[in-house]
Every structure is written in structure tokens, then in C-alpha cells.
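Student: Next up, query.cif (mmCIF, C-alpha atoms).
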```
data_entry
loop_
_atom_site.label_atom_id
_atom_site.label_comp_id
_atom_site.auth_asym_id
_atom_site.auth_seq_id
_atom_site.Cartn_x
_atom_site.Cartn_y
_atom_site.Cartn_z
CA MET A 287 -52.70 -9.21 22.04
CA ASN A 288 -55.90 -10.99 21.26
CA ASP A 289 -55.33 -13.49 18.45
CA LEU A 290 -58.54 -12.47 16.72
CA VAL A 291 -57.48 -8.80 16.57
CA LYS A 292 -54.10 -9.90 15.26
CA ILE A 293 -55.69 -11.99 12.51
CA LEU A 294 -57.98 -9.09 11.60
CA ILE A 295 -55.08 -6.64 11.37
CA TRP A 296 -53.09 -8.98 9.16
CA GLY A 297 -56.15 -9.70 7.02
CA VAL A 298 -56.76 -6.00 6.44
CA PHE A 299 -53.09 -5.43 5.77
CA ILE A 300 -52.89 -8.19 3.16
CA LEU A 301 -56.14 -7.16 1.47
CA LEU A 302 -54.90 -3.60 1.23
CA ALA A 303 -51.58 -4.78 -0.20
CA PHE A 304 -53.36 -6.90 -2.82
CA ALA A 305 -55.78 -4.12 -3.79
CA LEU A 306 -53.07 -1.48 -4.13
CA GLN A 307 -50.66 -3.79 -5.93
CA THR A 308 -53.22 -5.04 -8.47
CA ASN A 309 -54.32 -1.54 -9.39
CA HIS A 310 -50.77 -0.14 -9.56
CA PHE A 311 -52.08 2.49 -7.16
CA LEU A 312 -48.63 3.45 -5.83
CA SER A 313 -46.91 3.16 -9.20
CA LEU A 314 -44.30 5.87 -9.75
CA GLY A 315 -42.81 6.33 -13.20
CA GLY A 316 -44.07 2.88 -14.18
CA ILE A 317 -42.41 1.25 -11.15
CA ASN A 318 -44.81 -0.63 -8.91
CA PRO A 319 -43.64 -1.33 -5.35
CA ASN A 320 -43.85 -4.91 -4.10
CA LEU A 321 -46.39 -4.50 -1.30
CA ILE A 322 -46.87 -8.25 -0.86
CA LEU A 323 -43.15 -8.50 -0.17
CA LEU A 324 -43.48 -5.72 2.42
CA ALA A 325 -46.36 -7.59 4.09
CA VAL A 326 -44.42 -10.88 4.10
CA SER A 327 -41.27 -9.16 5.45
CA GLY A 328 -43.38 -7.49 8.14
CA GLY A 329 -44.77 -10.90 9.05
CA VAL A 330 -41.28 -12.38 9.33
CA ILE A 331 -40.21 -9.63 11.75
CA LEU A 332 -43.39 -9.21 13.81
CA GLU A 333 -44.56 -12.80 14.14
CA LYS A 334 -42.84 -14.87 16.79
CA LYS A 335 -44.51 -18.22 16.14
CA PHE A 336 -44.00 -20.05 12.85
CA ARG A 337 -47.59 -21.32 13.10
CA ASN A 338 -48.94 -17.75 12.92
CA PHE A 339 -46.58 -16.85 10.09
CA LEU A 340 -47.70 -19.92 8.18
CA GLY A 341 -51.30 -18.73 8.60
CA LEU A 342 -50.32 -15.42 7.04
CA ILE A 343 -48.63 -17.14 4.11
CA LEU A 344 -51.62 -19.45 3.56
CA ALA A 345 -53.94 -16.43 3.59
CA ILE A 346 -51.79 -14.77 0.91
CA ILE A 347 -51.83 -17.94 -1.22
CA PHE A 348 -55.59 -18.30 -0.77
CA LEU A 349 -56.21 -14.69 -1.84
CA SER A 350 -53.91 -15.15 -4.77
CA VAL A 351 -55.82 -18.25 -5.95
CA ILE A 352 -59.01 -16.19 -5.89
CA PHE A 353 -57.82 -12.83 -7.21
CA TRP A 354 -54.57 -13.55 -9.06
CA PRO A 355 -54.85 -17.07 -10.50
CA TYR A 356 -52.61 -16.07 -13.41
CA TRP A 357 -49.76 -15.05 -11.13
CA LEU A 358 -49.74 -17.81 -8.56
CA LYS A 359 -46.13 -18.70 -9.38
CA GLU A 360 -44.93 -15.27 -8.26
CA ILE A 361 -46.89 -15.53 -5.01
CA LEU A 362 -45.44 -18.98 -4.34
CA VAL A 363 -41.94 -17.56 -4.89
CA LEU A 364 -42.65 -14.76 -2.39
CA SER A 365 -44.14 -17.24 0.08
CA GLY A 366 -41.11 -19.52 -0.25
CA LEU A 367 -38.72 -16.62 0.26
CA GLY A 368 -40.71 -15.44 3.29
CA SER A 369 -40.75 -18.91 4.86
CA ALA A 370 -36.99 -19.30 4.31
CA ALA A 371 -36.43 -15.85 5.84
CA PHE A 372 -38.51 -16.81 8.89
CA LEU A 373 -36.46 -19.96 9.45
CA PHE A 374 -33.15 -18.09 9.13
CA LYS A 375 -34.10 -14.85 10.87
CA LYS A 376 -32.02 -15.70 13.92
CA PHE A 377 -28.96 -15.06 11.74
CA LEU A 378 -30.03 -11.46 11.10
CA THR A 379 -28.85 -8.45 13.15
CA GLY A 380 -31.59 -8.58 15.81
CA SER A 381 -32.70 -4.98 15.17
CA ALA A 382 -36.30 -5.14 13.93
CA VAL A 383 -35.99 -2.06 11.69
CA LEU A 384 -32.68 -3.04 10.14
CA ASP A 385 -33.79 -6.65 9.65
CA PHE A 386 -36.99 -5.48 7.99
CA LEU A 387 -35.03 -3.38 5.49
CA ILE A 388 -32.50 -6.19 4.91
CA LEU A 389 -35.39 -8.58 4.18
CA ILE A 390 -36.86 -6.13 1.67
CA LEU A 391 -33.46 -5.86 -0.04
CA ILE A 392 -32.88 -9.62 -0.21
CA GLY A 393 -36.53 -10.27 -1.03
CA THR A 394 -36.64 -7.87 -3.98
CA LEU A 395 -33.49 -9.31 -5.54
CA GLY A 396 -34.41 -12.91 -4.69
CA PHE A 397 -37.89 -12.49 -6.12
CA TYR A 398 -36.66 -11.43 -9.56
CA LEU A 399 -33.88 -14.01 -9.58
CA MET A 400 -36.41 -16.77 -8.96
CA ALA A 401 -39.52 -15.45 -10.71
CA ASN A 402 -37.92 -14.34 -13.96
CA PHE A 403 -34.16 -14.71 -14.24
CA ARG A 404 -34.13 -13.13 -17.71
CA TYR A 405 -35.50 -9.86 -16.32
CA PHE A 406 -32.50 -9.47 -14.05
CA PRO A 407 -29.75 -8.61 -16.54
CA ALA A 408 -32.19 -6.97 -18.99
CA ASN A 409 -33.56 -4.32 -16.64
CA PRO A 410 -31.03 -3.49 -13.90
CA ALA A 411 -32.25 0.13 -13.73
CA ALA A 412 -35.88 -0.92 -13.15
CA ILE A 413 -34.80 -3.38 -10.44
CA ALA A 414 -32.66 -0.72 -8.75
CA ALA A 415 -35.57 1.73 -8.89
CA GLU A 416 -37.97 -0.81 -7.40
CA LEU A 417 -35.44 -1.74 -4.72
CA PHE A 418 -35.11 1.90 -3.75
CA TYR A 419 -38.88 2.33 -3.78
CA ASN A 420 -39.52 -0.80 -1.69
CA ILE A 421 -36.90 0.16 0.90
CA SER A 422 -38.19 3.76 1.05
CA LEU A 423 -41.74 2.54 1.51
CA GLY A 424 -40.55 0.10 4.18
CA GLY A 425 -38.81 3.01 5.92
CA VAL A 426 -41.97 5.11 5.74
CA LEU A 427 -43.98 2.24 7.24
CA VAL A 428 -41.49 1.87 10.10
CA VAL A 429 -41.55 5.62 10.82
CA ALA A 430 -45.37 5.70 10.66
CA LEU A 431 -45.61 2.77 13.06
CA LYS A 432 -43.14 4.39 15.49
CA LEU A 433 -45.03 7.70 15.42
CA PHE A 434 -48.27 5.82 15.94
CA GLN A 435 -46.82 3.93 18.90
CA ARG A 436 -45.56 7.20 20.47
CA ARG A 437 -48.96 8.81 20.21
CA ILE A 438 -50.71 5.99 22.03
CA MET B 226 -51.50 -2.27 24.31
CA PRO B 227 -54.56 -3.66 22.47
CA LYS B 228 -55.92 -0.10 22.14
CA LYS B 229 -53.27 0.90 19.66
CA TYR B 230 -53.87 -2.15 17.49
CA ILE B 231 -57.59 -1.47 17.47
CA LEU B 232 -56.93 2.13 16.42
CA PHE B 233 -54.52 0.91 13.77
CA PHE B 234 -57.15 -1.51 12.52
CA ILE B 235 -59.79 1.26 12.36
CA LEU B 236 -57.38 3.44 10.40
CA LEU B 237 -56.68 0.68 7.90
CA ALA B 238 -60.37 -0.21 7.60
CA THR B 239 -61.15 3.44 6.85
CA LEU B 240 -58.43 3.52 4.21
CA ILE B 241 -59.85 0.41 2.58
CA LEU B 242 -63.40 1.77 2.65
CA VAL B 243 -62.28 5.00 1.00
CA TYR B 244 -60.32 3.07 -1.58
CA PHE B 245 -63.11 0.66 -2.52
CA TYR B 246 -65.63 3.47 -2.51
CA GLN B 247 -63.46 5.21 -5.08
CA ARG B 248 -63.29 2.06 -7.15
CA ASN B 249 -67.09 1.89 -7.18
CA ILE B 250 -67.07 -1.52 -5.55
CA PHE B 251 -70.24 -0.49 -3.79
CA ILE B 252 -72.10 0.07 -7.02
CA GLY B 253 -74.05 -3.10 -6.28
CA LEU B 254 -75.24 -1.65 -2.96
CA ASP B 255 -76.36 1.47 -4.80
CA LYS B 256 -78.75 -0.64 -6.83
CA PHE B 257 -80.51 -1.82 -3.68
CA LYS B 258 -81.03 1.77 -2.63
CA ASN B 259 -82.95 2.51 -5.79
CA SER B 260 -85.91 0.25 -5.21
CA ASN B 261 -87.90 1.94 -7.94
CA SER B 262 -87.81 -0.71 -10.66
CA ALA B 263 -88.76 1.69 -13.47
CA LEU B 264 -85.80 3.85 -12.64
CA THR B 265 -83.50 0.84 -12.63
CA GLU B 266 -84.90 -0.23 -15.99
CA LEU B 267 -84.24 3.21 -17.45
CA ARG B 268 -80.74 3.16 -16.03
CA LEU B 269 -80.04 -0.20 -17.63
CA GLU B 270 -81.41 0.99 -20.95
CA ASN B 271 -79.26 4.08 -20.76
CA GLN B 272 -76.23 1.95 -19.95
CA GLY B 273 -76.96 -0.31 -22.94
CA LEU B 274 -77.27 2.67 -25.27
CA ARG B 275 -74.03 4.14 -23.97
CA GLN B 276 -72.29 0.83 -24.64
CA LYS B 277 -73.65 0.75 -28.17
CA ILE B 278 -72.46 4.31 -28.83
CA GLN B 279 -69.04 3.38 -27.49
CA GLU B 280 -68.89 0.26 -29.67
CA LEU B 281 -69.80 2.28 -32.75
CA THR B 282 -67.23 4.96 -31.89
CA ASN B 283 -64.55 2.38 -31.37
CA LYS B 284 -65.30 0.42 -34.50
CA LEU B 285 -62.13 -0.66 -36.22
CA ASN B 286 -61.49 -0.97 -39.89
CA LEU B 287 -59.55 -4.20 -40.04
CA ASP B 288 -60.30 -5.11 -43.64
CA ASN B 289 -63.35 -7.08 -42.57
CA GLN B 290 -61.31 -9.03 -40.04
CA PRO B 291 -63.64 -10.11 -37.23
CA TYR B 292 -62.64 -8.88 -33.79
CA LEU B 293 -64.00 -8.41 -30.31
CA THR B 294 -63.50 -5.55 -27.90
CA ALA B 295 -62.35 -6.42 -24.39
CA GLN B 296 -61.75 -4.33 -21.31
CA VAL B 297 -58.43 -4.53 -19.51
CA TYR B 298 -59.34 -6.32 -16.31
CA SER B 299 -56.03 -6.33 -14.52
CA ARG B 300 -52.31 -5.80 -15.11
CA TYR B 301 -49.34 -7.87 -14.07
CA PRO B 302 -48.75 -6.65 -10.51
CA PHE B 303 -44.95 -6.72 -10.45
CA ASN B 304 -42.38 -5.04 -12.69
CA ASN B 305 -40.81 -7.98 -14.50
CA ASN B 306 -43.63 -8.41 -16.97
CA GLN B 307 -46.24 -6.37 -18.77
CA SER B 308 -48.96 -8.92 -19.41
CA LEU B 309 -52.62 -7.98 -19.18
CA ILE B 310 -55.76 -9.77 -18.16
CA ILE B 311 -58.78 -9.00 -20.33
CA ASP B 312 -62.44 -9.69 -19.62
CA ALA B 313 -63.02 -12.20 -22.40
CA GLY B 314 -62.38 -15.91 -22.03
CA PHE B 315 -63.44 -19.20 -23.54
CA LYS B 316 -67.10 -18.30 -23.00
CA ALA B 317 -66.47 -15.62 -25.63
CA LYS B 318 -64.66 -18.34 -27.67
CA VAL B 319 -61.27 -16.68 -27.17
CA THR B 320 -58.43 -18.99 -28.22
CA VAL B 321 -54.71 -19.08 -27.39
CA GLY B 322 -52.66 -17.39 -30.10
CA TRP B 323 -55.20 -14.82 -31.21
CA PRO B 324 -53.56 -11.43 -31.86
CA VAL B 325 -54.48 -8.48 -29.66
CA LEU B 326 -54.38 -4.86 -30.81
CA ALA B 327 -54.01 -1.70 -28.72
CA ALA B 328 -55.79 0.36 -31.42
CA GLU B 329 -56.44 0.09 -35.12
CA HIS B 330 -53.50 -1.70 -36.76
CA ARG B 331 -51.43 -1.42 -33.56
CA LEU B 332 -50.17 -4.83 -32.47
CA LEU B 333 -50.07 -5.17 -28.68
CA GLY B 334 -49.60 -8.90 -28.15
CA LYS B 335 -51.35 -12.23 -28.25
CA ILE B 336 -53.49 -14.45 -26.06
CA VAL B 337 -51.43 -16.93 -24.06
CA LYS B 338 -53.86 -18.27 -21.45
CA VAL B 339 -57.62 -18.56 -21.47
CA ARG B 340 -60.05 -19.09 -18.59
CA ALA B 341 -63.85 -18.98 -18.51
CA ASN B 342 -64.28 -15.22 -18.47
CA THR B 343 -60.76 -13.87 -18.69
CA SER B 344 -57.61 -14.30 -20.76
CA GLU B 345 -53.98 -13.37 -20.36
CA VAL B 346 -52.34 -11.28 -23.07
CA GLU B 347 -48.58 -11.49 -23.51
CA THR B 348 -47.60 -8.08 -24.81
CA ILE B 349 -44.62 -6.84 -26.81
CA PHE B 350 -43.52 -5.29 -23.48
CA SER B 351 -43.16 -8.74 -21.86
CA PRO B 352 -39.55 -9.95 -21.64
CA ASP B 353 -40.49 -13.31 -23.16
CA TRP B 354 -41.88 -11.78 -26.36
CA ARG B 355 -40.01 -12.71 -29.57
CA SER B 356 -41.28 -12.16 -33.13
CA THR B 357 -39.89 -11.34 -36.55
CA VAL B 358 -40.51 -7.88 -37.93
CA LYS B 359 -39.56 -5.75 -40.90
CA ILE B 360 -38.25 -2.22 -40.65
CA GLY B 361 -38.94 0.74 -42.91
CA PRO B 362 -39.54 0.92 -46.65
CA SER B 363 -36.53 -1.30 -47.39
CA GLY B 364 -38.13 -4.11 -45.36
CA VAL B 365 -35.03 -5.04 -43.38
CA GLU B 366 -35.85 -8.03 -41.19
CA ALA B 367 -35.13 -8.07 -37.47
CA LEU B 368 -36.11 -9.83 -34.28
CA LEU B 369 -38.41 -7.95 -31.90
CA VAL B 370 -37.41 -8.69 -28.31
CA GLY B 371 -39.94 -7.64 -25.67
CA GLY B 372 -39.22 -5.63 -22.56
CA ARG B 373 -40.10 -2.36 -20.86
CA GLN B 374 -38.47 -0.80 -23.91
CA PRO B 375 -38.81 -3.34 -26.75
CA LYS B 376 -35.68 -3.83 -28.87
CA LEU B 377 -35.00 -4.81 -32.45
CA GLU B 378 -32.09 -7.22 -32.72
CA PHE B 379 -30.11 -8.99 -35.45
CA ILE B 380 -30.34 -6.05 -37.85
CA PRO B 381 -27.70 -6.54 -40.56
CA ALA B 382 -24.96 -3.91 -40.24
CA ASN B 383 -25.23 -1.01 -42.67
CA ALA B 384 -28.92 -1.74 -43.24
CA LYS B 385 -30.76 1.27 -44.61
CA ILE B 386 -32.84 2.15 -41.58
CA ASN B 387 -33.47 5.46 -39.86
CA PRO B 388 -35.09 6.65 -36.65
CA GLY B 389 -38.81 7.05 -37.32
CA ASP B 390 -39.00 4.06 -39.69
CA GLU B 391 -42.13 2.00 -39.24
CA VAL B 392 -41.81 -1.47 -37.77
CA SER B 393 -44.40 -4.05 -38.77
CA SER B 394 -45.00 -7.70 -38.13
CA VAL B 395 -43.91 -10.46 -40.52
CA SER B 396 -44.20 -13.26 -37.99
CA PRO B 397 -46.20 -16.20 -39.38
CA ASP B 398 -48.31 -16.48 -36.22
CA LEU B 399 -49.49 -12.87 -36.47
CA PRO B 400 -51.31 -10.90 -39.19
CA LEU B 401 -48.91 -9.74 -41.91
CA ASN B 402 -47.77 -6.09 -41.96
CA LEU B 403 -49.47 -5.17 -38.70
CA PHE B 404 -47.92 -1.94 -37.44
CA ILE B 405 -46.02 -2.30 -34.17
CA GLY B 406 -44.15 0.97 -33.66
CA GLU B 407 -41.29 3.11 -34.91
CA VAL B 408 -37.52 2.92 -34.61
CA SER B 409 -36.51 5.44 -31.96
CA GLU B 410 -32.75 4.90 -31.80
CA ILE B 411 -30.24 2.80 -33.69
CA ILE B 412 -27.44 1.24 -31.67
CA SER B 413 -24.61 0.56 -34.09
CA GLN B 414 -20.97 -0.15 -33.50
CA PRO B 415 -18.44 0.15 -36.32
CA ALA B 416 -16.98 -3.32 -35.79
CA ALA B 417 -20.27 -5.13 -35.17
CA SER B 418 -21.84 -7.16 -37.94
CA LEU B 419 -25.31 -6.86 -36.41
CA TRP B 420 -27.04 -3.76 -35.10
CA GLN B 421 -29.70 -3.16 -32.51
CA ALA B 422 -32.45 -0.56 -32.36
CA LYS B 423 -34.99 0.64 -29.85
CA LEU B 424 -38.69 0.54 -30.61
CA LYS B 425 -41.13 3.28 -29.70
CA THR B 426 -44.90 2.86 -29.61
CA ASP B 427 -47.41 5.70 -29.88
CA TYR B 428 -49.40 4.48 -26.86
CA ASP B 429 -48.62 3.84 -23.21
CA PRO B 430 -49.35 0.19 -22.29
CA ASN B 431 -50.04 1.26 -18.71
CA GLN B 432 -52.88 3.51 -19.82
CA LEU B 433 -54.78 0.98 -21.93
CA LYS B 434 -58.36 0.52 -20.82
CA LYS B 435 -59.56 -1.68 -23.67
CA VAL B 436 -58.03 -3.82 -26.39
CA PHE B 437 -59.19 -5.50 -29.59
CA VAL B 438 -58.82 -9.23 -30.10
CA ILE B 439 -58.71 -10.43 -33.69
CA THR B 440 -60.92 -13.50 -33.72
CA ASP B 441 -60.87 -16.59 -35.92
CA TYR B 442 -57.15 -16.19 -36.52
CA GLU B 443 -55.08 -19.31 -37.11
#
```
As C-alpha cells, please, write out the structure in this file.

Tutor:
Amino acid sequence: MNDLVKILIWGVFILLAFALQTNHFLSLGGINPNLILLAVSGGVILEKKFRNFLGLILAIIFLSVIFWPYWLKEILVLSGLGSAAFLFKKFLTGSAVLDFLILILIGTLGFYLMANFRYFPANPAAIAAELFYNISLGGVLVVALKLFQRRI
Amino acid sequence: MPKKYILFFILLATLILVYFYQRNIFIGLDKFKNSNSALTELRLENQGLRQKIQELTNKLNLDNQPYLTAQVYSRYPFNNNQSLIIDAGFKAKVTVGWPVLAAEHRLLGKIVKVRANTSEVETIFSPDWRSTVKIGPSGVEALLVGGRQPKLEFIPANAKINPGDEVSSVSPDLPLNLFIGEVSEIISQPAASLWQAKLKTDYDPNQLKKVFVITDYE
């Protein structure tokens, strides 16, 4: 695929994730899904070259500096987790769908462990709810992509 | 192969356009459409008058305590915190530590970070929030611990408190006797020397559109 189209698709994807996440647009019962984590996990699975993945991460950090300067730490945690996942993805199962869901699982737990350790024991129910929501949303994305691929 | 990505891109672009259109991001473009300057002037005047009406309607009675009204600009995007970003910063002379109210005499939090045009408010729903409070008419002291459901800790066992008792601030860095919420449930164990209680507020922090910052508070 043309690199320019690829960059555009990722750009749109990240912008959408930022817009929806900031406005709590998909919030259910006060639980906001981690769309940036979904975008990063998607990048880990879909991108073959580390150079391209790094571009994605830098774009996320750049957008965060502009739109979310107060929450840069959280974005850096997500970026770090994503980069580590990219480097160790050869140890995953090899199935894109399963790996994507595993990354969401590890990413959600890892994010709260690193971003705010105190939140972890204090709100296990909220973390479990978000985990379920993130994985469900990841599943919906996978199904939507598969349906889309079949139609074309 | 590239066809499907292009279609996918068009779909996403449409979604974004619909979304931003809903959020009135294109309001600036609207202004260009109305080239009639008199109409624009009238619109601005109307907007100014509306703002003034809103300010008068929202006027608080804080015993002559100066305050400023700020719109909630953004919320913490993840679930492990409940801090807010408001549209007043050091250009509006906002200072770290100033108390923030959700409504009249309803403590919401305090300013923790200030930038040029925005500030971050740490709320009583943030897990890092700690402040001393008193409960009910007997004035039993406790520690307010922030979280999705704020808790009252270190309540002496057998203290005379009941569900529905008012909880107000006695922390030295916040205005005295500022109402915070009510006791919703007391968690007591027969053998424990200290009790816990849950706090209930009469507003939903996720629905707040504007807040009130008490100014000149030290």
C-alpha cells in the first residue's frame, strides 16, 4: 500500500481516537474506553516495520503535547508499553486477532499499574469494567474490519 | 488492495466530519458565510447579553467571597482520575491552591496546575485527594479520601453519625465549613476501632459544564 495513504489512515484513526476519548463520547456508566490503547495495539499488530510504528507513536506524542499537555505522562506510559509490545511481539501467538486482544488485556492492566498504582487496588471493579469494554470494542473493530475486507 | 483502504479512509473522514460538525467546530467557518457585518455585530451583541444574563443567573452568594466562573474545558480522558481542565489560567490570575466549587457552597476540588488560559482542578473524585472534614451536627472529624466514590476514613468507632449527615470541610487549605456531601453508608465492624463511610454528592461530576473558582484565597 502507498505509504502516504497508510499515514493518512493512521492520522485519521489517531485523531478520531483522541477526539472521542477527550469528550468521553463512548463512555458507558462512567467508564471510558481506552481508544489510544486500541490504536497503539492496532499499530503493534498491523505495522511490520519498527520505523513506521515509531512514526505512529511520535504522532500520538505530538498530538498529546498539543491537545493534552496535562496528561502527557499517561501518553508516554502508553507509548512505552506499545514500543515494548512491538519489540516482544514475536513471542505472542502469531494470530493477529488473538494477539490484538492479548495486547489490549496486558495494555489496560499495565497502563494502570504504571500510570497510577494507587488506582489499582482501590477500584478493581472499574478496571475490570474498562478491561471488558476495551476488549469488546477491540472485538467489534476486528469484526468490522473483517466484514469490510469481505465486502471489497 | 488500495481500494479498500481508500474506502476505509473515506468512511473515517466522514465520521470525523459528522463528529466535528456536531461539536460546532465549524462555527468559525459559519462566520465567514455571514459577510454582512451588521448582522455579525448584532450576533455578537446578542451573545454578550446572553452571557450577562447567564452570569446574573449563576451569581453565587459566597458571603462576599470573590470568585470567577469558568467553563469545564476538558476532562481527564482515562478512568483512574477525575480531574478537570477549566478555561481560566494565569491570564485570569488563577493561582495553585484556590478552591473550586461545583455550585454554591459545594466543594469540588482545588487548582493544582495553571497554564496561560487553562488550569487543572484536582477534584474530590481524584484518588490522590486527601482532606480533613467534619461529619454531622456532632462534628466528628474524619479524613476524606478521593475516588470514584469518595470515602470518609479514620472515623472513631461508635461516633454519633448517621446516613444523611452533612460532611463539610475543616481542612486549613480550604474555606471552613464548605459543604462537600452527605454520608451515604457507614461501614462499621464490631471489633474495629475506626470506621469508614461512603460520601454522596448531590451532583454528577461528569455532567459539570461550569465551575466556580474562589479567588484571592490563601

Student: Go through B:Thr357, B:Glu270, B:Gln374, B:Arg331 and flag the residue nearest chain A, using all atoms listed in the file for the distances.

Tutor: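 Among the listed residues, the smallest separation from chain A belongs to B:Gln374.
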
Student: So what do you get for atom CA of Leu401 of chain B versus atom CA of Lys335 of chain B, distance-wise?

Tutor: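 Computing it gives 14.1 Å between the two atoms.
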
Student: Can you list, as a PyMOL selection string, the residues that the PyMOL selection byres ((chain A) within 6 of (chain B)) selects here?

Tutor: chain A and resi 287+295+307-308+405

Student: In Å, with one decimal, what is the gap from atom CA of Asp398 of chain B to atom CA of Ala384 of chain B?

Tutor: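 Atom CA of Ala384 of chain B lies at a distance of 25.3 Å from atom CA of Asp398 of chain B.
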
Student: Padding 5 Å on every side, please: axis-aligned box over the listed atoms of segment 364-368 of chain B, centre and edge lengths to one decimal in Å, as lines of an AutoDock Vina configuration file.

Tutor:
```
center_x = -36.6
center_y = -7.0
center_z = -39.8
size_x = 13.1
size_y = 15.7
size_z = 21.1
```

Student: With distances taken over all atoms listed in the file, which residue among B:Gln290, B:Thr348, B:Ser308, B:Asn342 lies nearest Glu329 of chain B?

Tutor: B:Gln290

Student: For the atom pair atom CA of Val291 of chain A and atom CA of Leu306 of chain A, what is the interatomic distance in Å to one decimal place?

Tutor: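 A separation of 22.4 Å between them.
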
Student: Tell me, as number ranges by chain, which residues lie within 7 Å of segment 320-326 of chain B, counting only C-alpha atoms; anything in the same chain fewer than 3 positions away does not count.

Tutor: B: 315, 329-339, 399, 436-440, 442

Student: Using only C-alpha atoms, which of the listed residues (A:Leu362, A:Leu389, A:Val298, A:Leu395) sits closest to Glu416 of chain A?

Tutor: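 That would be A:Leu395, the residue with the smallest distance to Glu416 of chain A.
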
Student: Step by step, work through what the PyMOL selection byres ((chain A and resi 367) around 10) selects in the shown file, and finish by giving those residues as a PyMOL selection string.

Tutor: chain A and resi 323+326-327+361-366+368-372+389+392-394+396-397+400

Student: Which polymer residues, protein or nucleic acid, are no farther than 12 Å from (-41.1, 2.1, -31.5), counting all atoms listed in the file, as a VMD selection string?

Tutor: chain B and resid 331 to 333 349 to 350 358 360 to 361 369 to 377 387 to 393 404 to 411 422 to 429

Student: Starting from the PyMOL selection byres ((chain A and resi 423) around 10), expand the selection into actual residues of this file and give them as a compact mmCIF listing (two decimals) with C-alpha atoms, in the frame of the given file.

Tutor:
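Okay, this is what ended up in part.txt:
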```txt
# COMPACT_ATOMS: atom_id res chain seq x y z
CA PRO A 319 -43.64 -1.33 -5.35
CA ASN A 320 -43.85 -4.91 -4.10
CA LEU A 321 -46.39 -4.50 -1.30
CA LEU A 324 -43.48 -5.72 2.42
CA LEU A 387 -35.03 -3.38 5.49
CA ILE A 390 -36.86 -6.13 1.67
CA LEU A 417 -35.44 -1.74 -4.72
CA PHE A 418 -35.11 1.90 -3.75
CA TYR A 419 -38.88 2.33 -3.78
CA ASN A 420 -39.52 -0.80 -1.69
CA ILE A 421 -36.90 0.16 0.90
CA SER A 422 -38.19 3.76 1.05
CA GLY A 424 -40.55 0.10 4.18
CA GLY A 425 -38.81 3.01 5.92
CA VAL A 426 -41.97 5.11 5.74
CA LEU A 427 -43.98 2.24 7.24
CA VAL A 428 -41.49 1.87 10.10
CA VAL A 429 -41.55 5.62 10.82
```

Student: Any idea what's packed within 10 Å of Ala325 of chain A, counting only C-alpha atoms, ignoring anything in its chain fewer than 3 positions away? Could you give it as a list in words?

Tutor: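 Here the answer would be Trp296, Phe299, Ile300, Leu302, Ala303, Phe304, Asn320, Leu321, Ile322, Gly328, Gly329, Val330, Leu342, Ile343, Ile346, Gly368, Ile390 and Gly424 of chain A.
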
Student: Smallest atom-to-atom distance to Ala328 of chain B: which of B:Glu443, B:Lys434, B:Pro381, B:Gln414, using all atoms listed in the file?

Tutor: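 The answer is B:Lys434, which sits nearest to Ala328 of chain B.
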